[in-house]
>>> print(open('query-v6.txt').read())   # compact mmCIF, C-alpha atoms
# COMPACT_ATOMS: atom_id res chain seq x y z
CA MET B 1 137.09 127.40 52.00
CA LEU B 2 137.81 123.96 53.39
CA SER B 3 134.89 121.62 52.73
CA LYS B 4 133.18 119.50 55.35
CA ARG B 5 133.83 115.88 54.43
CA VAL B 6 131.22 113.18 53.98
CA ILE B 7 132.68 109.74 54.59
CA ALA B 8 131.19 106.34 53.81
CA CYS B 9 132.00 103.43 56.09
CA LEU B 10 132.04 99.82 54.93
CA ASP B 11 131.92 97.19 57.67
CA VAL B 12 133.55 94.11 56.20
CA ARG B 13 133.41 90.56 57.46
CA ASN B 14 135.17 87.80 55.55
CA GLY B 15 135.32 89.87 52.40
CA CYS B 16 131.69 91.08 52.44
CA VAL B 17 129.99 94.27 53.56
CA VAL B 18 127.81 93.22 56.47
CA LYS B 19 126.08 96.18 58.06
CA GLY B 20 123.54 98.74 57.07
CA VAL B 21 122.50 97.19 53.82
CA ASN B 22 118.90 97.20 52.75
CA PHE B 23 117.69 93.89 51.39
CA GLU B 24 117.14 95.12 47.89
CA SER B 25 120.78 95.90 47.25
CA LEU B 26 122.19 93.05 49.30
CA ARG B 27 123.82 91.38 46.35
CA GLN B 28 125.87 94.34 45.12
CA ALA B 29 126.45 95.63 48.63
CA GLY B 30 128.12 92.35 49.47
CA ASP B 31 131.13 93.37 47.39
CA PRO B 32 133.15 96.12 49.11
CA ALA B 33 135.02 97.11 45.95
CA ALA B 34 131.81 97.51 43.95
CA LEU B 35 130.26 99.60 46.70
CA ALA B 36 133.38 101.77 47.05
CA LYS B 37 133.34 102.34 43.30
CA ARG B 38 129.70 103.40 43.41
CA TYR B 39 130.25 105.83 46.29
CA ASN B 40 133.27 107.30 44.52
CA ARG B 41 131.15 107.88 41.43
CA GLU B 42 128.43 109.49 43.55
CA GLY B 43 130.91 111.96 45.02
CA ILE B 44 131.83 110.60 48.45
CA ASP B 45 134.87 112.43 49.88
CA GLU B 46 136.51 109.55 51.62
CA VAL B 47 136.00 105.85 52.41
CA VAL B 48 136.62 103.99 55.65
CA VAL B 49 136.81 100.20 55.62
CA LEU B 50 136.42 98.50 58.98
CA ASP B 51 137.41 94.89 59.52
CA VAL B 52 134.90 93.16 61.77
CA THR B 53 136.39 89.74 61.11
CA ALA B 54 137.26 87.50 64.00
CA THR B 55 139.28 84.76 62.32
CA LEU B 56 142.84 84.66 61.02
CA GLU B 57 141.63 83.43 57.62
CA GLY B 58 139.33 86.43 57.51
CA ARG B 59 142.25 88.76 58.25
CA ARG B 60 144.18 87.57 55.21
CA ALA B 61 141.06 87.92 53.08
CA PHE B 62 140.73 91.46 54.48
CA GLU B 63 144.04 92.47 52.93
CA ASP B 64 142.70 91.32 49.55
CA THR B 65 139.60 93.42 50.26
CA ILE B 66 141.72 96.52 50.98
CA ARG B 67 143.64 95.93 47.75
CA ALA B 68 140.40 95.57 45.75
CA VAL B 69 138.81 98.68 47.32
CA ALA B 70 142.00 100.74 46.89
CA SER B 71 142.18 99.83 43.21
CA GLU B 72 138.80 101.52 42.66
CA LEU B 73 139.55 104.73 44.56
CA PHE B 74 141.49 107.91 43.95
CA ILE B 75 140.27 109.50 47.18
CA PRO B 76 141.55 108.87 50.72
CA LEU B 77 141.02 105.38 52.12
CA THR B 78 141.20 104.67 55.85
CA VAL B 79 141.42 101.12 57.19
CA GLY B 80 140.55 100.23 60.77
CA GLY B 81 139.46 97.38 62.97
CA GLY B 82 141.98 94.99 64.41
CA ILE B 83 145.06 97.19 63.87
CA ARG B 84 146.98 95.96 66.92
CA SER B 85 150.60 96.55 65.96
CA GLU B 86 152.95 98.28 63.57
CA ALA B 87 152.93 95.08 61.51
CA ASP B 88 149.11 95.23 61.16
CA ALA B 89 149.34 98.89 60.14
CA ALA B 90 152.09 98.12 57.64
CA ALA B 91 149.99 95.33 56.09
CA ALA B 92 147.01 97.68 55.69
CA ILE B 93 149.12 100.49 54.23
CA ASP B 94 151.00 98.17 51.89
CA ALA B 95 147.63 96.89 50.66
CA GLY B 96 146.66 100.46 49.71
CA ALA B 97 145.31 102.24 52.81
CA ASP B 98 146.24 105.93 53.07
CA LYS B 99 145.43 106.08 56.77
CA VAL B 100 145.03 103.53 59.55
CA GLY B 101 142.54 103.78 62.38
CA VAL B 102 143.88 102.59 65.72
CA ASN B 103 141.66 102.11 68.76
CA SER B 104 142.28 99.52 71.53
CA ALA B 105 145.98 99.13 70.69
CA ALA B 106 146.54 102.88 71.12
CA LEU B 107 144.74 102.83 74.46
CA ALA B 108 147.02 100.03 75.62
CA ASP B 109 150.15 101.70 74.21
CA PRO B 110 149.73 105.37 73.21
CA ARG B 111 153.31 105.41 71.88
CA LEU B 112 152.07 103.21 69.02
CA LEU B 113 150.59 106.43 67.57
CA THR B 114 154.00 108.10 67.82
CA ARG B 115 155.78 105.20 66.12
CA LEU B 116 153.22 105.06 63.30
CA ALA B 117 153.41 108.86 62.83
CA ALA B 118 157.21 108.71 62.66
CA ARG B 119 157.02 106.01 60.00
CA TYR B 120 154.10 107.17 57.85
CA GLY B 121 153.44 110.78 58.91
CA SER B 122 150.66 112.03 61.21
CA GLN B 123 148.30 112.38 58.25
CA ALA B 124 148.23 108.56 58.06
CA VAL B 125 147.37 108.02 61.73
CA VAL B 126 143.73 108.18 62.86
CA VAL B 127 142.92 107.59 66.51
CA ALA B 128 139.53 105.89 66.74
CA ILE B 129 137.73 106.71 69.97
CA ASP B 130 134.51 104.96 71.09
CA ALA B 131 132.80 106.93 73.85
CA LYS B 132 129.71 106.62 76.00
CA ARG B 133 127.99 109.25 78.15
CA GLU B 134 128.42 108.95 81.89
CA GLY B 135 126.88 111.93 83.65
CA ASP B 136 128.38 115.03 82.09
CA ARG B 137 131.49 113.20 80.87
CA PHE B 138 132.25 110.85 78.03
CA ARG B 139 133.97 107.60 78.98
CA VAL B 140 136.22 105.81 76.50
CA PHE B 141 135.56 102.14 75.75
CA SER B 142 137.90 99.67 74.10
CA ARG B 143 137.50 96.34 72.33
CA SER B 144 134.54 97.35 70.15
CA GLY B 145 132.77 99.05 73.04
CA SER B 146 132.84 96.00 75.30
CA THR B 147 135.44 97.15 77.83
CA GLY B 148 135.21 100.36 79.82
CA THR B 149 138.42 102.29 80.43
CA THR B 150 139.27 104.95 82.98
CA ARG B 151 139.86 107.52 80.25
CA ASP B 152 137.77 110.55 79.35
CA ALA B 153 137.21 111.06 75.61
CA VAL B 154 138.29 114.72 75.54
CA GLU B 155 141.45 114.06 77.55
CA TRP B 156 142.32 111.00 75.46
CA ALA B 157 141.87 112.95 72.21
CA ILE B 158 144.24 115.64 73.47
CA GLU B 159 146.82 113.04 74.48
CA ALA B 160 146.44 111.14 71.19
CA GLU B 161 147.08 114.36 69.24
CA ALA B 162 150.22 114.98 71.31
CA GLN B 163 151.34 111.41 70.59
CA GLY B 164 151.10 111.98 66.85
CA ALA B 165 147.55 111.20 65.73
CA GLY B 166 146.52 113.29 62.72
CA GLU B 167 142.74 112.85 62.98
CA VAL B 168 140.13 111.61 65.44
CA LEU B 169 137.40 109.18 64.39
CA LEU B 170 134.91 109.69 67.21
CA THR B 171 132.05 107.21 67.63
CA SER B 172 129.19 107.63 70.06
CA ILE B 173 128.37 104.18 71.43
CA ASP B 174 125.03 105.56 72.67
CA ARG B 175 124.00 106.61 69.18
CA ASP B 176 125.66 103.92 67.06
CA GLY B 177 123.02 102.07 65.03
CA THR B 178 120.13 104.15 66.46
CA ARG B 179 119.64 106.57 63.52
CA ALA B 180 118.75 109.12 66.22
CA GLY B 181 121.40 111.61 65.12
CA PHE B 182 125.05 112.19 65.95
CA ASP B 183 126.01 113.07 69.52
CA CYS B 184 126.73 116.75 68.84
CA GLU B 185 127.75 117.51 72.43
CA LEU B 186 130.38 114.77 72.43
CA THR B 187 131.63 115.84 69.01
CA ALA B 188 131.85 119.54 69.90
CA ALA B 189 133.60 118.78 73.20
CA VAL B 190 136.34 116.85 71.42
CA SER B 191 136.51 119.04 68.30
CA THR B 192 137.05 122.25 70.23
CA ALA B 193 139.70 120.62 72.45
CA VAL B 194 142.03 119.47 69.66
CA SER B 195 143.48 121.14 66.58
CA ILE B 196 143.34 117.99 64.43
CA PRO B 197 140.19 117.20 62.44
CA VAL B 198 137.39 115.25 64.11
CA ILE B 199 135.23 112.78 62.19
CA ALA B 200 131.84 112.28 63.85
CA SER B 201 130.37 108.79 63.75
CA GLY B 202 127.36 106.96 65.14
CA GLY B 203 123.70 107.84 64.78
CA ALA B 204 123.30 109.21 61.26
CA GLY B 205 119.72 108.69 60.12
CA THR B 206 118.68 111.78 58.18
CA PHE B 207 120.34 114.54 56.16
CA GLU B 208 119.43 116.99 58.94
CA HIS B 209 121.65 115.00 61.32
CA PHE B 210 124.64 115.89 59.14
CA THR B 211 123.73 119.59 59.18
CA GLU B 212 123.53 119.45 62.98
CA VAL B 213 126.87 117.75 63.47
CA PHE B 214 128.65 120.13 61.09
CA THR B 215 127.21 123.18 62.90
CA LEU B 216 126.36 122.39 66.54
CA GLY B 217 128.83 119.49 66.66
CA ARG B 218 131.72 121.44 65.09
CA ALA B 219 132.64 118.27 63.17
CA ASP B 220 135.17 118.47 60.35
CA ALA B 221 133.80 115.31 58.75
CA ALA B 222 130.87 112.97 59.30
CA LEU B 223 130.80 109.25 58.74
CA ALA B 224 127.88 106.96 58.05
CA ALA B 225 127.19 103.54 56.61
CA SER B 226 123.57 102.64 56.01
CA VAL B 227 122.39 106.14 55.05
CA PHE B 228 124.26 105.83 51.77
CA HIS B 229 122.82 102.43 50.89
CA PHE B 230 119.27 103.74 50.56
CA SER B 231 119.49 105.09 47.08
CA GLU B 232 121.89 105.64 44.23
CA HIS B 233 121.53 109.38 44.85
CA ALA B 234 122.08 109.52 48.61
CA VAL B 235 125.54 111.11 48.48
CA ALA B 236 124.59 113.75 45.90
CA ASP B 237 121.26 114.46 47.66
CA LEU B 238 123.01 114.85 51.00
CA LYS B 239 125.53 117.30 49.54
CA GLN B 240 122.75 119.27 47.91
CA HIS B 241 121.00 119.44 51.30
CA LEU B 242 124.21 120.62 53.01
CA ARG B 243 124.84 123.28 50.34
CA GLN B 244 121.32 124.61 50.87
CA HIS B 245 122.20 124.97 54.55
CA ARG B 246 125.38 126.92 53.63
CA ILE B 247 127.71 124.16 54.67
CA PRO B 248 130.71 124.03 52.33
CA VAL B 249 131.00 120.67 50.59
CA ARG B 250 132.91 119.32 47.62
CA CYS B 251 130.81 119.15 44.46
CA MET M 1 160.73 106.41 31.99
CA ILE M 2 159.65 108.55 34.95
CA ALA M 3 161.48 108.12 38.25
CA LEU M 4 159.77 108.20 41.66
CA ILE M 5 162.26 108.99 44.39
CA ASP M 6 161.63 106.95 47.53
CA TYR M 7 163.46 108.59 50.44
CA GLY M 8 161.40 106.97 53.17
CA ALA M 9 158.91 109.82 53.70
CA GLY M 10 155.62 107.98 53.57
CA ASN M 11 154.04 105.24 51.57
CA LEU M 12 154.15 105.53 47.79
CA THR M 13 151.50 102.96 46.83
CA SER M 14 148.87 105.61 46.07
CA VAL M 15 151.27 107.74 44.02
CA ARG M 16 152.23 104.73 41.88
CA LYS M 17 148.57 103.82 41.44
CA GLY M 18 147.67 107.38 40.47
CA PHE M 19 150.38 107.51 37.81
CA LYS M 20 149.31 104.11 36.51
CA ALA M 21 145.83 105.58 35.98
CA ALA M 22 147.56 108.49 34.20
CA GLY M 23 149.28 106.03 31.86
CA ALA M 24 152.77 105.78 33.35
CA ASP M 25 154.56 103.06 35.28
CA LEU M 26 157.08 104.69 37.58
CA MET M 27 160.54 103.26 38.30
CA THR M 28 162.16 103.72 41.69
CA PRO M 29 165.85 104.56 41.26
CA THR M 30 168.22 103.01 43.80
CA ASP M 31 171.16 105.28 42.97
CA PRO M 32 171.28 109.00 42.07
CA ALA M 33 173.19 108.05 38.89
CA ASP M 34 169.96 106.37 37.67
CA LEU M 35 168.50 109.86 37.13
CA ALA M 36 170.94 110.42 34.23
CA LYS M 37 168.56 108.83 31.71
CA VAL M 38 165.01 109.43 32.98
CA ALA M 39 162.33 111.42 31.15
CA GLY M 40 160.79 112.85 34.33
CA ILE M 41 161.28 112.90 38.09
CA VAL M 42 158.62 112.79 40.82
CA VAL M 43 159.56 113.76 44.38
CA PRO M 44 156.71 112.73 46.73
CA GLY M 45 156.69 112.89 50.51
CA VAL M 46 154.68 113.47 53.63
CA GLY M 47 155.71 114.43 57.14
CA ASN M 48 158.38 116.74 58.49
CA PHE M 49 160.57 118.86 56.20
CA GLY M 50 163.54 117.36 58.06
CA ALA M 51 162.83 114.07 56.22
CA THR M 52 164.10 115.70 53.02
CA SER M 53 167.61 115.72 54.52
CA ALA M 54 167.75 112.13 53.17
CA LEU M 55 167.89 113.78 49.73
CA SER M 56 170.84 116.06 50.46
CA GLY M 57 174.11 115.16 48.80
CA GLY M 58 173.92 112.78 45.83
CA TRP M 59 170.18 112.91 45.22
CA MET M 60 170.04 116.70 45.42
CA ARG M 61 172.94 117.04 42.95
CA ALA M 62 171.37 114.51 40.58
CA VAL M 63 167.92 116.17 40.67
CA ARG M 64 169.49 119.60 40.12
CA GLY M 65 171.54 118.21 37.24
CA ALA M 66 168.43 116.70 35.65
CA ALA M 67 166.56 120.00 36.07
CA GLU M 68 169.44 121.78 34.29
CA ARG M 69 169.00 119.30 31.43
CA ARG M 70 165.32 120.37 31.41
CA VAL M 71 164.00 117.01 32.64
CA PRO M 72 160.45 117.68 33.94
CA LEU M 73 160.30 117.59 37.74
CA LEU M 74 157.18 117.26 39.93
CA GLY M 75 157.18 117.73 43.69
CA ILE M 76 154.13 116.51 45.60
CA CYS M 77 153.25 117.85 49.09
CA LEU M 78 156.54 117.73 51.04
CA GLY M 79 158.24 117.18 47.68
CA MET M 80 156.88 120.54 46.47
CA GLN M 81 158.10 122.29 49.62
CA TRP M 82 161.54 120.79 48.97
CA LEU M 83 161.66 122.67 45.61
CA PHE M 84 161.76 125.92 47.66
CA GLU M 85 164.73 127.34 49.55
CA GLY M 86 163.73 125.88 52.89
CA SER M 87 161.07 125.67 55.59
CA ASP M 88 160.62 126.95 59.14
CA GLU M 89 159.77 123.34 60.02
CA ALA M 90 163.44 122.33 59.77
CA PRO M 91 165.50 125.55 59.42
CA ASP M 92 168.83 123.69 59.19
CA VAL M 93 167.77 121.61 56.19
CA PRO M 94 168.17 123.46 52.88
CA GLY M 95 165.67 122.90 50.10
CA LEU M 96 166.52 122.48 46.44
CA GLY M 97 166.05 126.21 45.80
CA LEU M 98 164.72 125.85 42.25
CA ILE M 99 161.64 127.85 43.26
CA SER M 100 162.20 131.02 45.31
CA GLY M 101 160.68 131.46 48.72
CA HIS M 102 160.53 129.83 52.11
CA CYS M 103 157.79 127.63 53.63
CA ALA M 104 156.12 128.62 56.90
CA ARG M 105 153.49 127.24 59.25
CA LEU M 106 149.84 127.98 58.41
CA PRO M 107 148.35 130.42 60.95
CA GLN M 108 145.83 128.99 63.40
CA THR M 109 143.32 131.82 63.30
CA GLY M 110 139.57 132.23 63.57
CA GLY M 111 138.92 128.72 64.86
CA LEU M 112 140.54 127.16 61.80
CA LYS M 113 142.35 123.90 62.36
CA VAL M 114 145.94 123.20 61.46
CA PRO M 115 146.79 120.74 59.93
CA HIS M 116 144.72 121.71 56.91
CA VAL M 117 143.10 118.39 56.04
CA GLY M 118 140.47 117.82 53.39
CA TRP M 119 139.10 119.13 50.10
CA ASN M 120 139.66 122.77 49.27
CA SER M 121 139.31 124.78 46.10
CA LEU M 122 142.02 125.97 43.72
CA HIS M 123 142.21 129.51 42.46
CA ARG M 124 144.14 129.76 39.22
CA PRO M 125 145.65 133.18 38.60
CA ARG M 126 147.34 132.20 35.32
CA GLU M 127 147.68 129.58 32.62
CA SER M 128 149.49 126.42 33.62
CA ARG M 129 150.62 123.35 31.72
CA LEU M 130 150.32 121.17 34.80
CA LEU M 131 146.77 122.30 35.57
CA GLY M 132 145.53 122.27 31.98
CA GLY M 133 141.90 121.12 31.86
CA VAL M 134 141.39 121.70 35.60
CA ASP M 135 138.66 124.26 36.16
CA GLU M 136 138.86 127.28 38.45
CA ALA M 137 137.43 126.37 41.91
CA THR M 138 138.06 122.63 41.44
CA GLN M 139 138.52 120.98 44.81
CA VAL M 140 141.55 118.82 45.61
CA TYR M 141 142.71 116.95 48.71
CA PHE M 142 145.20 118.59 51.07
CA THR M 143 146.89 117.39 54.24
CA HIS M 144 149.65 119.68 55.56
CA SER M 145 150.60 122.18 58.28
CA PHE M 146 153.32 124.15 56.47
CA ALA M 147 152.85 125.95 53.18
CA ALA M 148 154.72 127.89 50.51
CA PRO M 149 154.26 131.62 49.82
CA VAL M 150 152.39 133.01 46.80
CA THR M 151 154.91 134.40 44.27
CA GLY M 152 155.21 134.92 40.53
CA GLU M 153 155.93 131.19 40.21
CA THR M 154 152.58 130.23 41.77
CA ALA M 155 150.26 128.42 39.36
CA ALA M 156 147.36 128.01 41.79
CA THR M 157 146.52 129.37 45.21
CA CYS M 158 144.36 128.09 48.03
CA GLU M 159 143.23 129.69 51.28
CA HIS M 160 143.24 128.35 54.83
CA GLY M 161 143.82 131.14 57.33
CA THR M 162 146.09 132.67 54.73
CA GLU M 163 146.57 132.43 50.98
CA PHE M 164 149.30 129.97 50.04
CA ALA M 165 150.76 128.36 46.93
CA ALA M 166 148.75 125.25 46.07
CA ALA M 167 150.75 124.69 42.87
CA VAL M 168 153.96 126.13 41.42
CA GLU M 169 155.27 126.04 37.88
CA ARG M 170 158.37 127.45 36.21
CA ASP M 171 159.20 126.04 32.78
CA HIS M 172 159.57 122.29 33.38
CA ILE M 173 159.56 122.51 37.17
CA PHE M 174 156.21 121.72 38.80
CA GLY M 175 154.94 121.31 42.33
CA VAL M 176 151.61 120.65 44.05
CA GLN M 177 150.91 121.05 47.76
CA PHE M 178 147.83 118.81 47.50
CA HIS M 179 147.74 115.11 46.68
CA PRO M 180 146.74 114.62 43.03
CA GLU M 181 146.75 110.84 43.59
CA LYS M 182 143.93 111.35 46.17
CA SER M 183 142.04 114.11 44.36
CA GLY M 184 139.70 112.12 42.14
CA ASP M 185 139.42 112.81 38.41
CA ALA M 186 141.01 116.28 38.64
CA GLY M 187 144.07 114.77 40.28
CA ILE M 188 144.49 112.10 37.62
CA ARG M 189 144.18 114.83 34.98
CA ILE M 190 147.09 116.70 36.62
CA LEU M 191 149.24 113.57 36.71
CA THR M 192 148.37 112.93 33.06
CA ASN M 193 149.52 116.47 32.20
CA PHE M 194 152.86 115.80 33.91
CA VAL M 195 153.26 112.48 32.09
CA ALA M 196 152.65 114.34 28.81
CA ALA M 197 155.28 116.95 29.75
CA ALA M 198 157.76 114.14 30.42
CA ARG M 199 157.24 112.56 27.02
>>> encode(input="query-v6.txt", output="structure tokens")
Amino acid sequence: MLSKRVIACLDVRNGCVVKGVNFESLRQAGDPAALAKRYNREGIDEVVVLDVTATLEGRRAFEDTIRAVASELFIPLTVGGGIRSEADAAAAIDAGADKVGVNSAALADPRLLTRLAARYGSQAVVVAIDAKREGDRFRVFSRSGSTGTTRDAVEWAIEAEAQGAGEVLLTSIDRDGTRAGFDCELTAAVSTAVSIPVIASGGAGTFEHFTEVFTLGRADAALAASVFHFSEHAVADLKQHLRQHRIPVRC
Amino acid sequence: MIALIDYGAGNLTSVRKGFKAAGADLMTPTDPADLAKVAGIVVPGVGNFGATSALSGGWMRAVRGAAERRVPLLGICLGMQWLFEGSDEAPDVPGLGLISGHCARLPQTGGLKVPHVGWNSLHRPRESRLLGGVDEATQVYFTHSFAAPVTGETAATCEHGTEFAAAVERDHIFGVQFHPEKSGDAGIRILTNFVAAAR
């Protein structure tokens, strides 16, 4: 049976992991490659590295970061944040990414997904969707959640799949950073509308939140950052918890 | 020296890195004639079966010739499907035909998603050189929509809507539907076994 995937996210600025790090482990957590290596050892199924750098110097450093992280991993690595063009995607993939996450650039030009899929295969193309509740709908935002679009998350996911996206990385803006749990309604709405896998993101705070999103939320994978920084056993403990709740996970 | 054939179907960085961890630096031949003196051949690939049409002609003849000389051959993902006779995904493009059978789309039944993406477990019906040291029920990383049938040449099966061939093996011809280069320690073990076979 296909396992539900547990994915660790590293937010990287100028070569350092910047978010969701408790003070105690700040020093090691500053090095993305060291953290990726630790998660790999603990049994994480996949790693996502997001570039939250604003400067051009930082961008070049980010490619070195991808290379360093990739050298530690023999599991899938997704790179996102600031992928604006085919050239940006090529740089990330050449540095060792297996998949690229595209957000604002795909909203501006959905055919970018098609071109990337033609070049690297759909399995390498992840459409990242940031959505916020508005009444009974979910509105898509671009530019790191700062700019509202006219698109609906479910409709955009369906279109992105048709354009060639191989997975959806779905982030709830309402829940992001709250530790209040994933938005299971949003996740289920998108997951049941598309045939490609959906990775739920935003709001993970407890192990129970993962159980919820894998059952109620119909998620194929769940992503978190800070949850895994708490202890050296977080990944293994989470998987143990999921197994006890009859959710298939990789040992 | 082991050759990695780059026919433009996906990025090969991870495959090279995986083999490096397995103790082998791969060379990328620029001409089919380069396959005359290699110790092993790896055919990778992701995407549509139609992409393998880039291999028809010189490359196909050279790979078949090497296989006749008993040079170990490993197909990964699309590269494994190419070892078969063909695929419904691109009916006009013939496969290598070294393994019998035809690839078909995975059924989308019971709420299961296709493509089949993620970690799934291997069932091993028989002994295999390629999978030596890999335990029954070990999980490996898949990403595909089409799959090969289970036959006497199947070395491992997996299930997603239907049972399909996760690995094939006949003498020195090997194929894996999953990505050993993305499958953690078990994957590196499999690559190491192939490197040993090519020695």
>>> residues_around(input="query-v6.txt", residues="range 136-147 of chain M", least_positions_apart="5", cutoff="6 Å", atoms="all atoms listed in the file", output="MDAnalysis selection string")
chainID M and resid 103:106 114:124 178:179 183
>>> closest_atom_pairs(input="query-v6.txt", of="chain B", to="chain M", cutoff="10 Å", atoms="all atoms listed in the file", output="CSV")
residue,atom,partner,partner_atom,distance
B:Met1,CA,M:Asn120,CA,6.0
B:Leu2,CA,M:Asn120,CA,4.7
B:Ser3,CA,M:Trp119,CA,5.6
B:Lys4,CA,M:Gly118,CA,7.7
B:Arg5,CA,M:Gly118,CA,7.0
B:Asn40,CA,M:Gly184,CA,8.4
B:Arg41,CA,M:Gly184,CA,9.6
B:Gly43,CA,M:Gly184,CA,9.3
B:Asp45,CA,M:Trp119,CA,7.9
B:Glu46,CA,M:Gly118,CA,9.3
B:Ala70,CA,M:Ser14,CA,8.5
B:Ser71,CA,M:Lys17,CA,7.7
B:Leu73,CA,M:Gly184,CA,7.8
B:Phe74,CA,M:Lys182,CA,4.8
B:Ile75,CA,M:Lys182,CA,4.2
B:Pro76,CA,M:Lys182,CA,5.7
B:Leu77,CA,M:Lys182,CA,8.9
B:Ala90,CA,M:Asn11,CA,9.6
B:Ile93,CA,M:Asn11,CA,7.3
B:Asp94,CA,M:Thr13,CA,7.0
B:Ala95,CA,M:Thr13,CA,8.2
B:Gly96,CA,M:Thr13,CA,6.2
B:Ala97,CA,M:Ser14,CA,8.3
B:Asp98,CA,M:Ser14,CA,7.5
B:Ala117,CA,M:Gly47,CA,8.3
B:Ala118,CA,M:Gly47,CA,8.1
B:Arg119,CA,M:Gly10,CA,6.9
B:Tyr120,CA,M:Gly10,CA,4.6
B:Gly121,CA,M:Gly47,CA,4.6
B:Ser122,CA,M:Gly47,CA,6.9
B:Gln123,CA,M:Thr143,CA,6.6
B:Ala124,CA,M:Gly10,CA,8.7
B:Gly166,CA,M:Pro115,CA,8.0
B:Glu167,CA,M:Val117,CA,8.9
B:Ser191,CA,M:Lys113,CA,9.6
B:Thr192,CA,M:Gly111,CA,8.6
B:Val194,CA,M:Lys113,CA,8.5
B:Ser195,CA,M:Lys113,CA,5.2
B:Ile196,CA,M:Pro115,CA,6.3
B:Pro197,CA,M:Lys113,CA,7.0
B:Asp220,CA,M:Gly118,CA,8.8
B:Ala221,CA,M:Gly118,CA,8.9
B:Pro248,CA,M:Asn120,CA,9.5
B:Val249,CA,M:Trp119,CA,8.3
B:Arg250,CA,M:Gln139,CA,6.5
B:Cys251,CA,M:Gln139,CA,7.9
>>> atom_distance(input="query-v6.txt", atom1="CA of Gly82 in chain B", atom2="CA of Arg38 in chain B")
25.7 Å
>>> axis_aligned_box(input="query-v6.txt", around="range 157-170 of chain B", padding_each_side="6 Å", output="lines of an AutoDock Vina configuration file")
center_x = 143.1
center_y = 112.4
center_z = 68.6
size_x = 28.4
size_y = 18.5
size_z = 23.8
>>> closest_residue(input="query-v6.txt", among="B:Thr206, B:Thr211, B:Ser142, B:Asn14", to="Leu107 in chain B", atoms="all atoms listed in the file")
B:Ser142
>>> atom_distance(input="query-v6.txt", atom1="CA of Ile5 in chain M", atom2="CA of Ile41 in chain M")
7.5 Å
>>> residues_around(input="query-v6.txt", residues="Glu134 in chain B", least_positions_apart="2", cutoff="12 Å", atoms="all atoms listed in the file", output="list in words")
Ala131, Lys132, Asp136, Arg137, Phe138, Arg139, Val140, Phe141, Gly148, Thr150, Arg151, Asp152, Ala153, Ser172, Ile173, Asp174 and Leu186 of chain B
>>> atom_distance(input="query-v6.txt", atom1="CA of Leu55 in chain M", atom2="CA of Gly79 in chain M")
10.4 Å
>>> closest_residue(input="query-v6.txt", among="M:Gly58, M:Pro149, M:Val38, M:His172", to="Gly86 in chain M", atoms="all atoms listed in the file")
M:Pro149
>>> residues_around(input="query-v6.txt", residues="Ala108 in chain B", least_positions_apart="3", cutoff="12 Å", atoms="all atoms listed in the file", output="list in words")
Arg84, Ser85, Val102, Asn103, Ser104, Ala105, Arg111, Leu112, Leu113, Phe141, Ser142, Arg143, Thr149, Thr150, Arg151, Trp156 and Ala160 of chain B
>>> decode(input="query-v6.txt", residues="range 52-79 of chain M", atoms="C-alpha atoms", output="PDB file, in the first residue's frame")
ATOM      1  CA  THR M  52      12.483   6.610 -25.844  1.00  0.00           C
ATOM      2  CA  SER M  53      12.124   7.089 -29.613  1.00  0.00           C
ATOM      3  CA  ALA M  54      15.384   9.079 -29.251  1.00  0.00           C
ATOM      4  CA  LEU M  55      17.004   5.689 -28.596  1.00  0.00           C
ATOM      5  CA  SER M  56      15.710   3.979 -31.735  1.00  0.00           C
ATOM      6  CA  GLY M  57      18.260   3.295 -34.441  1.00  0.00           C
ATOM      7  CA  GLY M  58      21.921   3.400 -33.404  1.00  0.00           C
ATOM      8  CA  TRP M  59      21.465   3.378 -29.637  1.00  0.00           C
ATOM      9  CA  MET M  60      18.952   0.527 -29.733  1.00  0.00           C
ATOM     10  CA  ARG M  61      21.261  -1.582 -31.927  1.00  0.00           C
ATOM     11  CA  ALA M  62      24.260  -0.826 -29.706  1.00  0.00           C
ATOM     12  CA  VAL M  63      22.396  -1.671 -26.463  1.00  0.00           C
ATOM     13  CA  ARG M  64      21.058  -4.892 -27.999  1.00  0.00           C
ATOM     14  CA  GLY M  65      24.551  -5.783 -29.199  1.00  0.00           C
ATOM     15  CA  ALA M  66      25.983  -5.181 -25.724  1.00  0.00           C
ATOM     16  CA  ALA M  67      23.215  -7.308 -24.177  1.00  0.00           C
ATOM     17  CA  GLU M  68      24.123 -10.128 -26.591  1.00  0.00           C
ATOM     18  CA  ARG M  69      27.709  -9.846 -25.341  1.00  0.00           C
ATOM     19  CA  ARG M  70      26.234 -10.265 -21.820  1.00  0.00           C
ATOM     20  CA  VAL M  71      27.072  -6.721 -20.700  1.00  0.00           C
ATOM     21  CA  PRO M  72      24.878  -6.040 -17.622  1.00  0.00           C
ATOM     22  CA  LEU M  73      22.027  -3.657 -18.431  1.00  0.00           C
ATOM     23  CA  LEU M  74      19.875  -1.698 -15.939  1.00  0.00           C
ATOM     24  CA  GLY M  75      16.741   0.205 -16.906  1.00  0.00           C
ATOM     25  CA  ILE M  76      15.358   2.687 -14.377  1.00  0.00           C
ATOM     26  CA  CYS M  77      11.697   3.840 -14.467  1.00  0.00           C
ATOM     27  CA  LEU M  78      11.036   4.717 -18.122  1.00  0.00           C
ATOM     28  CA  GLY M  79      14.301   2.922 -18.904  1.00  0.00           C
TER      29      GLY M  79
END
